[in-house]
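**Student:** Pasting final18.pdb here (PDB, C-alpha atoms):
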```pdb
ATOM      1  CA  MET A   1       8.598  -0.330 -29.552
ATOM      2  CA  GLU A   2       8.009  -3.916 -30.678
ATOM      3  CA  PHE A   3       6.670  -6.033 -27.862
ATOM      4  CA  GLY A   4       7.777  -9.551 -27.006
ATOM      5  CA  VAL A   5       7.014 -12.289 -29.512
ATOM      6  CA  PHE A   6       5.285 -14.461 -26.930
ATOM      7  CA  MET A   7       3.287 -11.732 -25.200
ATOM      8  CA  LYS A   8      -0.483 -12.088 -25.509
ATOM      9  CA  ILE A   9      -2.889  -9.131 -25.480
ATOM     10  CA  PHE A  10      -6.501  -9.734 -24.443
ATOM     11  CA  LYS A  11      -8.875  -6.878 -25.232
ATOM     12  CA  MET A  12     -11.648  -6.993 -22.676
ATOM     13  CA  ASN A  13     -14.846  -5.195 -21.769
ATOM     14  CA  PRO A  14     -14.570  -4.156 -18.092
ATOM     15  CA  VAL A  15     -18.334  -4.298 -17.620
ATOM     16  CA  HIS A  16     -18.782  -7.694 -19.274
ATOM     17  CA  PRO A  17     -15.421  -9.482 -18.926
ATOM     18  CA  ASP A  18     -14.739 -12.634 -20.911
ATOM     19  CA  LYS A  19     -14.486 -15.400 -18.303
ATOM     20  CA  LYS A  20     -12.775 -17.765 -20.730
ATOM     21  CA  LEU A  21     -10.013 -15.214 -21.256
ATOM     22  CA  ILE A  22      -9.737 -14.721 -17.507
ATOM     23  CA  ASP A  23      -9.307 -18.489 -17.132
ATOM     24  CA  LYS A  24      -6.532 -18.378 -19.746
ATOM     25  CA  ALA A  25      -4.852 -15.590 -17.786
ATOM     26  CA  ILE A  26      -5.030 -17.718 -14.636
ATOM     27  CA  ASP A  27      -3.425 -20.606 -16.543
ATOM     28  CA  ILE A  28      -0.587 -18.310 -17.635
ATOM     29  CA  MET A  29       0.043 -17.256 -14.024
ATOM     30  CA  ALA A  30      -0.229 -20.864 -12.856
ATOM     31  CA  ASP A  31       2.629 -21.650 -15.265
ATOM     32  CA  GLY A  32       4.791 -18.867 -13.817
ATOM     33  CA  GLY A  33       3.687 -16.024 -16.071
ATOM     34  CA  VAL A  34       3.467 -12.319 -15.243
ATOM     35  CA  ILE A  35       0.460 -10.322 -16.404
ATOM     36  CA  LEU A  36      -0.534  -6.679 -16.759
ATOM     37  CA  TYR A  37      -4.127  -6.173 -15.679
ATOM     38  CA  PRO A  38      -6.623  -3.448 -14.682
ATOM     39  CA  THR A  39      -7.972  -2.811 -11.187
ATOM     40  CA  ASP A  40     -10.363  -0.304  -9.643
ATOM     41  CA  THR A  41      -7.407   2.086  -9.259
ATOM     42  CA  VAL A  42      -4.548   1.638 -11.753
ATOM     43  CA  TYR A  43      -3.131  -1.093 -13.975
ATOM     44  CA  GLY A  44      -1.174  -3.639 -11.974
ATOM     45  CA  LEU A  45       1.399  -6.377 -12.408
ATOM     46  CA  GLY A  46       0.252  -9.803 -11.303
ATOM     47  CA  ALA A  47       1.660 -13.266 -10.690
ATOM     48  CA  ASN A  48       0.940 -16.352  -8.612
ATOM     49  CA  ILE A  49       2.143 -15.477  -5.094
ATOM     50  CA  PHE A  50       3.358 -19.054  -4.633
ATOM     51  CA  ASN A  51       5.741 -18.902  -7.610
ATOM     52  CA  ASN A  52       8.895 -17.228  -6.328
ATOM     53  CA  GLU A  53      10.488 -16.927  -9.760
ATOM     54  CA  ALA A  54       7.439 -15.075 -11.091
ATOM     55  CA  VAL A  55       7.457 -12.770  -8.055
ATOM     56  CA  LYS A  56      11.158 -12.048  -8.642
ATOM     57  CA  ARG A  57      10.350 -11.132 -12.251
ATOM     58  CA  ILE A  58       7.928  -8.480 -11.024
ATOM     59  CA  TYR A  59      10.681  -6.912  -8.916
ATOM     60  CA  GLU A  60      12.920  -6.934 -11.995
ATOM     61  CA  ILE A  61      10.263  -5.411 -14.254
ATOM     62  CA  LYS A  62       9.571  -2.645 -11.739
ATOM     63  CA  GLN A  63      13.279  -2.232 -10.891
ATOM     64  CA  ARG A  64      12.125  -2.353  -7.296
ATOM     65  CA  GLU A  65      14.265  -3.126  -4.273
ATOM     66  CA  PRO A  66      13.505  -6.675  -3.006
ATOM     67  CA  SER A  67      13.389  -5.298   0.520
ATOM     68  CA  LYS A  68      10.211  -3.390  -0.370
ATOM     69  CA  PRO A  69       7.198  -5.691  -0.017
ATOM     70  CA  LEU A  70       4.560  -6.377  -2.637
ATOM     71  CA  SER A  71       0.850  -6.579  -1.895
ATOM     72  CA  ILE A  72      -1.540  -9.463  -2.451
ATOM     73  CA  LEU A  73      -4.907  -9.467  -4.211
ATOM     74  CA  VAL A  74      -7.538 -12.007  -3.187
ATOM     75  CA  SER A  75     -10.909 -12.674  -4.760
ATOM     76  CA  ASN A  76     -13.067 -11.760  -1.754
ATOM     77  CA  VAL A  77     -12.916 -10.585   1.838
ATOM     78  CA  GLU A  78     -13.453 -14.134   3.114
ATOM     79  CA  SER A  79     -10.122 -15.150   1.533
ATOM     80  CA  ILE A  80      -8.054 -12.592   3.463
ATOM     81  CA  PRO A  81      -7.459 -14.905   6.481
ATOM     82  CA  LEU A  82      -5.783 -17.362   4.102
ATOM     83  CA  VAL A  83      -2.809 -15.000   3.730
ATOM     84  CA  ALA A  84      -2.995 -12.744   6.796
ATOM     85  CA  GLN A  85      -3.740 -13.005  10.485
ATOM     86  CA  THR A  86      -6.924 -11.138  11.349
ATOM     87  CA  SER A  87      -8.893 -10.368  14.478
ATOM     88  CA  MET A  88     -12.638  -9.809  14.674
ATOM     89  CA  LYS A  89     -12.015  -6.075  15.077
ATOM     90  CA  GLN A  90      -9.812  -5.967  11.999
ATOM     91  CA  MET A  91     -12.353  -7.903   9.953
ATOM     92  CA  ASP A  92     -15.107  -5.516  11.071
ATOM     93  CA  ILE A  93     -13.073  -2.630   9.659
ATOM     94  CA  ILE A  94     -12.184  -4.517   6.482
ATOM     95  CA  ASN A  95     -15.800  -5.477   5.821
ATOM     96  CA  ASN A  96     -16.762  -1.803   5.963
ATOM     97  CA  TRP A  97     -14.242  -0.840   3.274
ATOM     98  CA  LEU A  98     -13.779  -3.792   0.940
ATOM     99  CA  PRO A  99     -14.255  -4.471  -1.885
ATOM    100  CA  GLY A 100     -12.804  -1.106  -2.831
ATOM    101  CA  PRO A 101      -9.635   0.910  -3.568
ATOM    102  CA  TYR A 102      -7.914   0.155  -0.266
ATOM    103  CA  THR A 103      -4.916  -1.912   0.765
ATOM    104  CA  PHE A 104      -4.887  -3.137   4.359
ATOM    105  CA  ILE A 105      -1.591  -4.034   6.010
ATOM    106  CA  LEU A 106      -1.879  -7.045   8.308
ATOM    107  CA  PRO A 107       0.423  -9.576   9.977
ATOM    108  CA  LYS A 108       1.195 -12.130   7.272
ATOM    109  CA  LYS A 109       0.813 -15.874   7.556
ATOM    110  CA  SER A 110       3.693 -18.256   6.873
ATOM    111  CA  ILE A 111       2.073 -19.235   3.566
ATOM    112  CA  VAL A 112       3.253 -15.851   2.218
ATOM    113  CA  SER A 113       6.911 -16.167   1.255
ATOM    114  CA  SER A 114       9.675 -13.690   1.990
ATOM    115  CA  PHE A 115       9.876 -13.060  -1.761
ATOM    116  CA  VAL A 116       6.468 -11.341  -1.527
ATOM    117  CA  SER A 117       7.162  -9.568   1.767
ATOM    118  CA  ALA A 118      10.460  -9.764   3.584
ATOM    119  CA  ASN A 119       8.950  -8.529   6.843
ATOM    120  CA  ALA A 120       6.192  -9.832   9.126
ATOM    121  CA  LYS A 121       3.419  -7.861   7.427
ATOM    122  CA  VAL A 122       1.662  -7.946   4.079
ATOM    123  CA  GLY A 123      -0.708  -5.632   2.234
ATOM    124  CA  VAL A 124      -3.969  -7.204   1.061
ATOM    125  CA  ARG A 125      -6.469  -5.928  -1.533
ATOM    126  CA  VAL A 126      -9.952  -6.884  -2.706
ATOM    127  CA  PRO A 127     -10.690  -4.485  -5.578
ATOM    128  CA  ASP A 128     -14.202  -3.543  -6.582
ATOM    129  CA  TYR A 129     -13.414  -4.770 -10.093
ATOM    130  CA  GLU A 130     -14.648  -8.061 -11.543
ATOM    131  CA  ILE A 131     -11.654  -8.712 -13.801
ATOM    132  CA  ALA A 132      -9.158  -8.308 -10.967
ATOM    133  CA  THR A 133     -11.027 -10.476  -8.464
ATOM    134  CA  GLY A 134     -11.693 -13.074 -11.169
ATOM    135  CA  LEU A 135      -7.946 -13.382 -11.775
ATOM    136  CA  ALA A 136      -7.495 -14.320  -8.105
ATOM    137  CA  SER A 137     -10.303 -16.882  -8.024
ATOM    138  CA  ILE A 138      -7.955 -19.915  -7.914
ATOM    139  CA  PHE A 139      -4.949 -18.538  -6.010
ATOM    140  CA  PRO A 140      -3.966 -15.129  -4.585
ATOM    141  CA  ILE A 141      -1.993 -12.941  -6.959
ATOM    142  CA  ILE A 142       0.514 -10.125  -6.644
ATOM    143  CA  THR A 143      -0.885  -6.627  -7.034
ATOM    144  CA  THR A 144       1.472  -3.706  -7.544
ATOM    145  CA  SER A 145       1.236  -0.669  -9.789
ATOM    146  CA  ALA A 146       2.529  -1.324 -13.314
ATOM    147  CA  ASN A 147       5.331   1.206 -13.423
ATOM    148  CA  VAL A 148       9.064   1.410 -12.948
ATOM    149  CA  ALA A 149       9.824   2.278  -9.327
ATOM    150  CA  ASP A 150       9.665   6.030  -8.643
ATOM    151  CA  GLU A 151       8.464   6.769 -12.181
ATOM    152  CA  GLU A 152       5.081   8.039 -13.347
ATOM    153  CA  THR A 153       2.052   5.767 -13.075
ATOM    154  CA  LEU A 154       0.380   5.621 -16.491
ATOM    155  CA  SER A 155      -3.225   4.847 -17.378
ATOM    156  CA  ASN A 156      -3.176   2.784 -20.576
ATOM    157  CA  PRO A 157      -1.314  -0.412 -21.509
ATOM    158  CA  GLN A 158       0.462   1.012 -24.557
ATOM    159  CA  ASP A 159       2.201   3.726 -22.532
ATOM    160  CA  ILE A 160       2.843   1.346 -19.643
ATOM    161  CA  LEU A 161       4.616  -1.157 -21.890
ATOM    162  CA  LYS A 162       6.794   1.608 -23.311
ATOM    163  CA  GLN A 163       7.876   2.406 -19.766
ATOM    164  CA  ILE A 164       8.316  -1.059 -18.229
ATOM    165  CA  GLY A 165       9.363  -2.965 -21.365
ATOM    166  CA  ASP A 166       7.919  -6.123 -22.869
ATOM    167  CA  ASP A 167       8.798  -8.712 -20.225
ATOM    168  CA  VAL A 168       5.191  -9.594 -19.421
ATOM    169  CA  ASP A 169       3.403 -12.660 -20.745
ATOM    170  CA  LEU A 170      -0.100 -11.247 -20.984
ATOM    171  CA  VAL A 171      -1.822  -7.869 -21.133
ATOM    172  CA  ILE A 172      -5.497  -7.498 -20.261
ATOM    173  CA  ASP A 173      -6.397  -4.298 -22.057
ATOM    174  CA  VAL A 174      -9.583  -2.436 -21.125
ATOM    175  CA  GLY A 175      -8.290   0.829 -22.554
ATOM    176  CA  GLN A 176      -7.647   4.031 -20.669
ATOM    177  CA  LEU A 177      -8.461   3.975 -16.964
ATOM    178  CA  ASP A 178     -10.199   7.017 -15.536
ATOM    179  CA  ASN A 179      -7.755   7.786 -12.745
ATOM    180  CA  LEU A 180      -4.084   7.626 -11.838
ATOM    181  CA  GLU A 181      -4.573   7.304  -8.098
ATOM    182  CA  PRO A 182      -3.287   4.125  -6.419
ATOM    183  CA  SER A 183      -5.082   2.446  -3.546
ATOM    184  CA  THR A 184      -5.176   4.079  -0.138
ATOM    185  CA  ILE A 185      -3.034   2.061   2.293
ATOM    186  CA  ILE A 186      -4.181   1.589   5.884
ATOM    187  CA  ASP A 187      -2.085  -0.237   8.467
ATOM    188  CA  LEU A 188      -4.190  -2.473  10.709
ATOM    189  CA  SER A 189      -1.260  -4.361  12.203
ATOM    190  CA  MET A 190      -0.984  -2.037  15.193
ATOM    191  CA  PRO A 191      -3.487  -1.299  17.980
ATOM    192  CA  ASN A 192      -5.276   1.387  15.960
ATOM    193  CA  PRO A 193      -5.490   1.906  12.196
ATOM    194  CA  TYR A 194      -3.390   4.619  10.611
ATOM    195  CA  LEU A 195      -2.957   6.015   7.154
ATOM    196  CA  VAL A 196       0.205   4.913   5.336
ATOM    197  CA  ARG A 197      -0.522   6.324   1.869
ATOM    198  CA  ARG A 198      -3.205   8.623   0.555
ATOM    199  CA  GLY A 199      -4.740   7.223  -2.608
ATOM    200  CA  LEU A 200      -8.117   7.028  -4.273
ATOM    201  CA  ILE A 201     -11.010   8.435  -2.158
ATOM    202  CA  ALA A 202      -8.701   8.887   0.820
ATOM    203  CA  ASP A 203     -10.906  11.795   1.895
ATOM    204  CA  LYS A 204     -13.254   9.200   3.376
ATOM    205  CA  ILE A 205     -10.537   7.744   5.532
ATOM    206  CA  SER A 206     -11.421  10.001   8.461
ATOM    207  CA  ASP A 207     -14.391   7.670   8.978
ATOM    208  CA  LEU A 208     -11.916   5.200  10.420
ATOM    209  CA  LYS A 209     -12.121   7.107  13.681
ATOM    210  CA  GLU A 210     -15.460   5.343  14.145
ATOM    211  CA  SER A 211     -13.652   1.994  13.986
ATOM    212  CA  GLY A 212     -10.894   2.529  16.542
ATOM    213  CA  ASP A 213     -10.720   2.816  20.297
ATOM    214  CA  GLU A 214      -8.691   5.425  22.105
ATOM    215  CA  ILE A 215      -5.316   6.105  20.508
ATOM    216  CA  ASP A 216      -2.510   3.841  21.649
ATOM    217  CA  PHE A 217       0.490   6.153  21.592
ATOM    218  CA  GLU A 218       2.897   3.280  22.183
ATOM    219  CA  ILE A 219       2.884   2.658  18.407
ATOM    220  CA  ILE A 220       5.691   5.223  18.142
ATOM    221  CA  LYS A 221       7.983   2.216  18.642
ATOM    222  CA  ASP A 222       7.160   1.055  15.097
ATOM    223  CA  ILE A 223       8.290   4.289  13.446
ATOM    224  CA  THR A 224      11.371   3.820  11.266
ATOM    225  CA  GLY A 225      11.657   7.108   9.360
ATOM    226  CA  ILE A 226      10.418  10.656   8.849
ATOM    227  CA  LYS A 227       7.745   9.594   6.337
ATOM    228  CA  ASP A 228       6.366   7.004   8.766
ATOM    229  CA  LEU A 229       6.312   9.615  11.513
ATOM    230  CA  LEU A 230       4.343  12.078   9.366
ATOM    231  CA  ASN A 231       1.887   9.378   8.272
ATOM    232  CA  LEU A 232       1.313   8.351  11.868
ATOM    233  CA  ILE A 233       0.742  11.921  13.085
ATOM    234  CA  GLU A 234      -1.604  12.668  10.181
ATOM    235  CA  SER A 235      -3.619   9.534  10.835
ATOM    236  CA  LEU A 236      -3.945  10.465  14.518
ATOM    237  CA  LEU A 237      -5.072  13.979  13.545
ATOM    238  CA  LEU A 238      -7.704  12.440  11.254
ATOM    239  CA  LYS A 239      -9.183  10.683  14.260
ATOM    240  CA  GLY A 240     -10.076  14.164  15.478
ATOM    241  CA  ASN A 241      -9.488  13.473  19.159
ATOM    242  CA  ASN A 242      -6.256  15.420  19.627
ATOM    243  CA  THR A 243      -4.490  18.518  18.327
ATOM    244  CA  LEU A 244      -1.017  18.347  16.834
ATOM    245  CA  ILE A 245       0.681  19.567  19.990
ATOM    246  CA  GLU A 246      -1.295  17.067  22.103
ATOM    247  CA  ILE A 247      -0.224  14.240  19.795
ATOM    248  CA  LEU A 248       3.424  15.281  19.936
ATOM    249  CA  GLU A 249       3.245  15.433  23.729
ATOM    250  CA  LYS A 250       1.547  12.045  24.049
ATOM    251  CA  LEU A 251       4.082  10.510  21.693
ATOM    252  CA  GLY A 252       6.723  11.951  23.976
ATOM    253  CA  ILE A 253       8.545  13.763  21.188
ATOM    254  CA  ARG A 254       7.530  17.422  21.633
ATOM    255  CA  ASP A 255      10.637  18.307  23.659
ATOM    256  CA  ILE A 256      12.906  16.397  21.261
ATOM    257  CA  LEU A 257      11.452  18.213  18.241
ATOM    258  CA  GLU A 258      11.521  21.663  19.833
ATOM    259  CA  LYS A 259      15.160  21.156  20.754
ATOM    260  CA  ILE A 260      16.064  20.103  17.193
ATOM    261  CA  PHE A 261      13.898  22.783  15.544
ATOM    262  CA  GLY A 262      14.917  25.476  18.011
ATOM    263  CA  ILE A 263      11.331  26.806  18.180
ATOM    264  CA  SER A 264       8.133  26.324  20.144
ATOM    265  CA  LEU A 265       5.537  24.079  18.481
ATOM    266  CA  GLU A 266       2.626  25.358  20.585
ATOM    267  CA  ASP A 267       0.609  27.011  17.795
ATOM    268  CA  ILE A 268       2.062  25.379  14.720
ATOM    269  CA  SER A 269      -0.152  23.824  12.022
ATOM    270  CA  PHE A 270       0.418  20.371  10.588
ATOM    271  CA  LYS A 271       1.276  21.946   7.221
ATOM    272  CA  GLU A 272       3.959  24.094   8.869
ATOM    273  CA  PHE A 273       5.159  21.069  10.825
ATOM    274  CA  LYS A 274       5.605  19.079   7.575
ATOM    275  CA  GLU A 275       7.485  21.967   5.980
ATOM    276  CA  ILE A 276       9.866  22.172   8.936
ATOM    277  CA  LEU A 277      10.503  18.424   8.869
ATOM    278  CA  GLY A 278      11.066  18.621   5.122
ATOM    279  CA  GLY A 279      13.689  21.297   5.673
ATOM    280  CA  LEU A 280      15.820  19.271   8.082
ATOM    281  CA  ASN A 281      19.315  18.428   6.913
ATOM    282  CA  LEU A 282      20.704  14.904   7.109
ATOM    283  CA  SER A 283      22.412  15.521  10.438
ATOM    284  CA  GLU A 284      19.210  16.875  12.000
ATOM    285  CA  ILE A 285      17.168  13.928  10.655
ATOM    286  CA  THR A 286      19.741  11.525  12.076
ATOM    287  CA  ASN A 287      19.583  13.257  15.459
ATOM    288  CA  LEU A 288      15.792  13.087  15.450
ATOM    289  CA  MET A 289      15.614   9.400  14.575
ATOM    290  CA  ASP A 290      18.393   8.566  17.035
ATOM    291  CA  ALA A 291      16.404  10.368  19.715
ATOM    292  CA  LEU A 292      13.300   8.356  18.904
ATOM    293  CA  LYS A 293      15.263   5.111  18.996
ATOM    294  CA  ILE A 294      16.748   6.067  22.362
ATOM    295  CA  LYS A 295      13.253   6.747  23.647
ATOM    296  CA  GLU A 296      12.103   3.355  22.400
ATOM    297  CA  LYS A 297      14.918   1.621  24.269
ATOM    298  CA  GLU A 298      13.990   3.460  27.470
ATOM    299  CA  LYS A 299      10.373   2.263  27.397
TER     300      LYS A 299
END
```
How would this structure read if it were set down as structure tokens?

**Tutor:**
Amino acid sequence: MEFGVFMKIFKMNPVHPDKKLIDKAIDIMADGGVILYPTDTVYGLGANIFNNEAVKRIYEIKQREPSKPLSILVSNVESIPLVAQTSMKQMDIINNWLPGPYTFILPKKSIVSSFVSANAKVGVRVPDYEIATGLASIFPIITTSANVADEETLSNPQDILKQIGDDVDLVIDVGQLDNLEPSTIIDLSMPNPYLVRRGLIADKISDLKESGDEIDFEIIKDITGIKDLLNLIESLLLKGNNTLIEILEKLGIRDILEKIFGISLEDISFKEFKEILGGLNLSEITNLMDALKIKEKEK
């Protein structure tokens, strides 16, 4: 494939990045450009978060639904309150984990446009990677994996460009990255943190139980689908304070699930629980989610 005539490629040493080239990359984004750049997880697509046209281009490149939010990368932890609302408790958690391969979901501030996130929340990253944080030293930038939506995440720029096409203005090429794992996503927008997506070094995420208070089971009201429900239950299990059946009872959904499944859940494992949920047909899923919505209305 021949790449775009105007696309620039900067070869860069990840250990000793060229700051002049990083400044040039910032200038390109300041002018509305979209870049392909490395992070501490995978290669990402970046743009100035305040340039709506550039943000729209990222959605087009990824072939991603505009209703699905993008995350923001800032240069340091101290910059997070510029784009998201944070409490002291949330910042205590964030300071324990960032910089690093984690995305924290927080209530967004009005400075973040609906083009970046159409809902009231936004994911924020501070990678442990000098090139990435340097790119965000003047303004926050978009961070999202450099792949077409629902397609394989690749680890070197040449393969990535073959997949996404040549509609980027700059590539920062540090060669092959060592892993294909995205960031681990943790939602801090509710009373207690919970795991949204397992990514790089997610095995350490169980340490979050040290950061939270007792589980607030009212967060069931924020569940909007089967995947969300599984993520919530898994995150509560990781806290180690309750068994699966105890969690289902405290969420008030044990009876609903047993009625839909037609079995007792008393001694079931989480793995078996996931398999059962995965085997539900569309009608059964609809009944389950309708039941949860009814429960929400009754609270």

**Student:** Atom CA of Val148 of chain A and atom CA of Ile164 of chain A are how many Å apart?

**Tutor:**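 Atom-to-atom, atom CA of Val148 of chain A and atom CA of Ile164 of chain A are spaced 5.9 Å apart.
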
**Student:** Could you list, as a PDB file with C-alpha atoms, in the frame of the given file, every residue within 9 Å of Lys108 of chain A, counting all atoms listed in the file and ignoring same-chain residues fewer than 2 positions away?

**Tutor:**
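Here's the written file part-v2.pdb:
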```
ATOM      1  CA  VAL A  83      -2.809 -15.000   3.730  1.00  0.00           C
ATOM      2  CA  ALA A  84      -2.995 -12.744   6.796  1.00  0.00           C
ATOM      3  CA  GLN A  85      -3.740 -13.005  10.485  1.00  0.00           C
ATOM      4  CA  ILE A 105      -1.591  -4.034   6.010  1.00  0.00           C
ATOM      5  CA  LEU A 106      -1.879  -7.045   8.308  1.00  0.00           C
ATOM      6  CA  SER A 110       3.693 -18.256   6.873  1.00  0.00           C
ATOM      7  CA  ILE A 111       2.073 -19.235   3.566  1.00  0.00           C
ATOM      8  CA  VAL A 112       3.253 -15.851   2.218  1.00  0.00           C
ATOM      9  CA  SER A 117       7.162  -9.568   1.767  1.00  0.00           C
ATOM     10  CA  ASN A 119       8.950  -8.529   6.843  1.00  0.00           C
ATOM     11  CA  ALA A 120       6.192  -9.832   9.126  1.00  0.00           C
ATOM     12  CA  LYS A 121       3.419  -7.861   7.427  1.00  0.00           C
ATOM     13  CA  VAL A 122       1.662  -7.946   4.079  1.00  0.00           C
ATOM     14  CA  GLY A 123      -0.708  -5.632   2.234  1.00  0.00           C
TER      15      GLY A 123
END
```

**Student:** Hey, which bits of segment 91-179 of chain A sit within 6 Å of segment 9-24 of chain A, and for each residue what's the closest pair of atoms and how far apart in Å (one decimal), counting only C-alpha atoms, rows by chain and increasing number, as JSON lines?

**Tutor:**
```
{"residue": "A:Leu170", "atom": "CA", "partner": "A:Ile9", "partner_atom": "CA", "distance": 5.7}
{"residue": "A:Val171", "atom": "CA", "partner": "A:Ile9", "partner_atom": "CA", "distance": 4.7}
{"residue": "A:Ile172", "atom": "CA", "partner": "A:Phe10", "partner_atom": "CA", "distance": 4.8}
{"residue": "A:Asp173", "atom": "CA", "partner": "A:Lys11", "partner_atom": "CA", "distance": 4.8}
{"residue": "A:Val174", "atom": "CA", "partner": "A:Met12", "partner_atom": "CA", "distance": 5.2}
```

**Student:** Starting from the displayed file, determine the output of the PyMOL selection byres ((chain A and resi 161) around 10) and express the residue list as a ChimeraX atom specification.

**Tutor:** /A:1-3,36,146-147,154,156-160,162-168,171

**Student:** Pick out the closest residue to Thr86 of chain A from this set: A:Asp290, A:Asn52, A:Lys109, A:Gly46. Count all atoms listed in the file.

**Tutor:**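 Closest to Thr86 of chain A, using all atoms listed in the file: A:Lys109.
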
**Student:** Given the file shown, enumerate the residues that the PyMOL selection byres ((chain A and resi 142) around 8) captures and present them as a CSV table (one decimal) with C-alpha atoms, keeping the file's coordinate frame.

**Tutor:**
```
chain,number,residue,atom,x,y,z
A,45,LEU,CA,1.4,-6.4,-12.4
A,46,GLY,CA,0.3,-9.8,-11.3
A,47,ALA,CA,1.7,-13.3,-10.7
A,48,ASN,CA,0.9,-16.4,-8.6
A,49,ILE,CA,2.1,-15.5,-5.1
A,55,VAL,CA,7.5,-12.8,-8.1
A,70,LEU,CA,4.6,-6.4,-2.6
A,71,SER,CA,0.8,-6.6,-1.9
A,72,ILE,CA,-1.5,-9.5,-2.5
A,73,LEU,CA,-4.9,-9.5,-4.2
A,116,VAL,CA,6.5,-11.3,-1.5
A,140,PRO,CA,-4.0,-15.1,-4.6
A,141,ILE,CA,-2.0,-12.9,-7.0
A,143,THR,CA,-0.9,-6.6,-7.0
A,144,THR,CA,1.5,-3.7,-7.5
```

**Student:** Find the spatial neighbours of Asp150 of chain A, counting only C-alpha atoms, within a cut-off of 10 Å - ignore same-chain residues fewer than 5 positions away - and output them as a list in words.

**Tutor:**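 Surrounding residues, per the criterion: Lys62, Gln63 and Arg64 of chain A.
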
**Student:** What does the distance between atom CA of Phe139 of chain A and atom CA of Phe6 of chain A come to in Å, to one decimal place?

**Tutor:** 23.6 Å

**Student:** When you draw a straight line from atom CA of Ile80 of chain A to atom CA of Val124 of chain A, how long is it in Å?

**Tutor:** 7.2 Å

**Student:** So which one's closest to Leu180 of chain A, A:Asn95, A:Asn242, A:Thr133, A:Thr153? Using all atoms listed in the file, please.

**Tutor:**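 The closest residue to Leu180 of chain A is A:Thr153.
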
**Student:** Quick test: take segment 50-62 of chain A, keep N, CA and C atoms, and write it as a short mmCIF file (atom, residue, chain, number, x, y, z; two decimals), in the first residue's frame.

**Tutor:**
```cif
data_model
loop_
_atom_site.label_atom_id
_atom_site.label_comp_id
_atom_site.auth_asym_id
_atom_site.auth_seq_id
_atom_site.Cartn_x
_atom_site.Cartn_y
_atom_site.Cartn_z
N PHE A 50 -9.83 19.49 21.61
CA PHE A 50 -10.64 20.68 21.40
C PHE A 50 -10.94 20.95 19.92
N ASN A 51 -10.45 20.09 19.04
CA ASN A 51 -10.71 20.24 17.61
C ASN A 51 -11.72 19.17 17.19
N ASN A 52 -12.97 19.56 17.08
CA ASN A 52 -14.03 18.58 16.82
C ASN A 52 -13.87 17.88 15.48
N GLU A 53 -13.38 18.59 14.48
CA GLU A 53 -13.20 17.98 13.17
C GLU A 53 -12.14 16.88 13.23
N ALA A 54 -11.06 17.12 13.98
CA ALA A 54 -10.02 16.12 14.12
C ALA A 54 -10.54 14.90 14.89
N VAL A 55 -11.35 15.15 15.91
CA VAL A 55 -11.94 14.05 16.68
C VAL A 55 -12.86 13.22 15.78
N LYS A 56 -13.65 13.89 14.95
CA LYS A 56 -14.53 13.18 14.01
C LYS A 56 -13.73 12.32 13.04
N ARG A 57 -12.56 12.80 12.63
CA ARG A 57 -11.71 12.02 11.73
C ARG A 57 -11.27 10.70 12.38
N ILE A 58 -11.00 10.76 13.69
CA ILE A 58 -10.60 9.53 14.38
C ILE A 58 -11.74 8.51 14.35
N TYR A 59 -12.96 8.96 14.58
CA TYR A 59 -14.11 8.05 14.48
C TYR A 59 -14.18 7.44 13.09
N GLU A 60 -13.93 8.27 12.07
CA GLU A 60 -13.99 7.78 10.69
C GLU A 60 -12.89 6.77 10.41
N ILE A 61 -11.68 7.07 10.87
CA ILE A 61 -10.55 6.17 10.65
C ILE A 61 -10.81 4.82 11.31
N LYS A 62 -11.34 4.85 12.52
CA LYS A 62 -11.60 3.62 13.26
C LYS A 62 -12.90 2.93 12.83
#
```
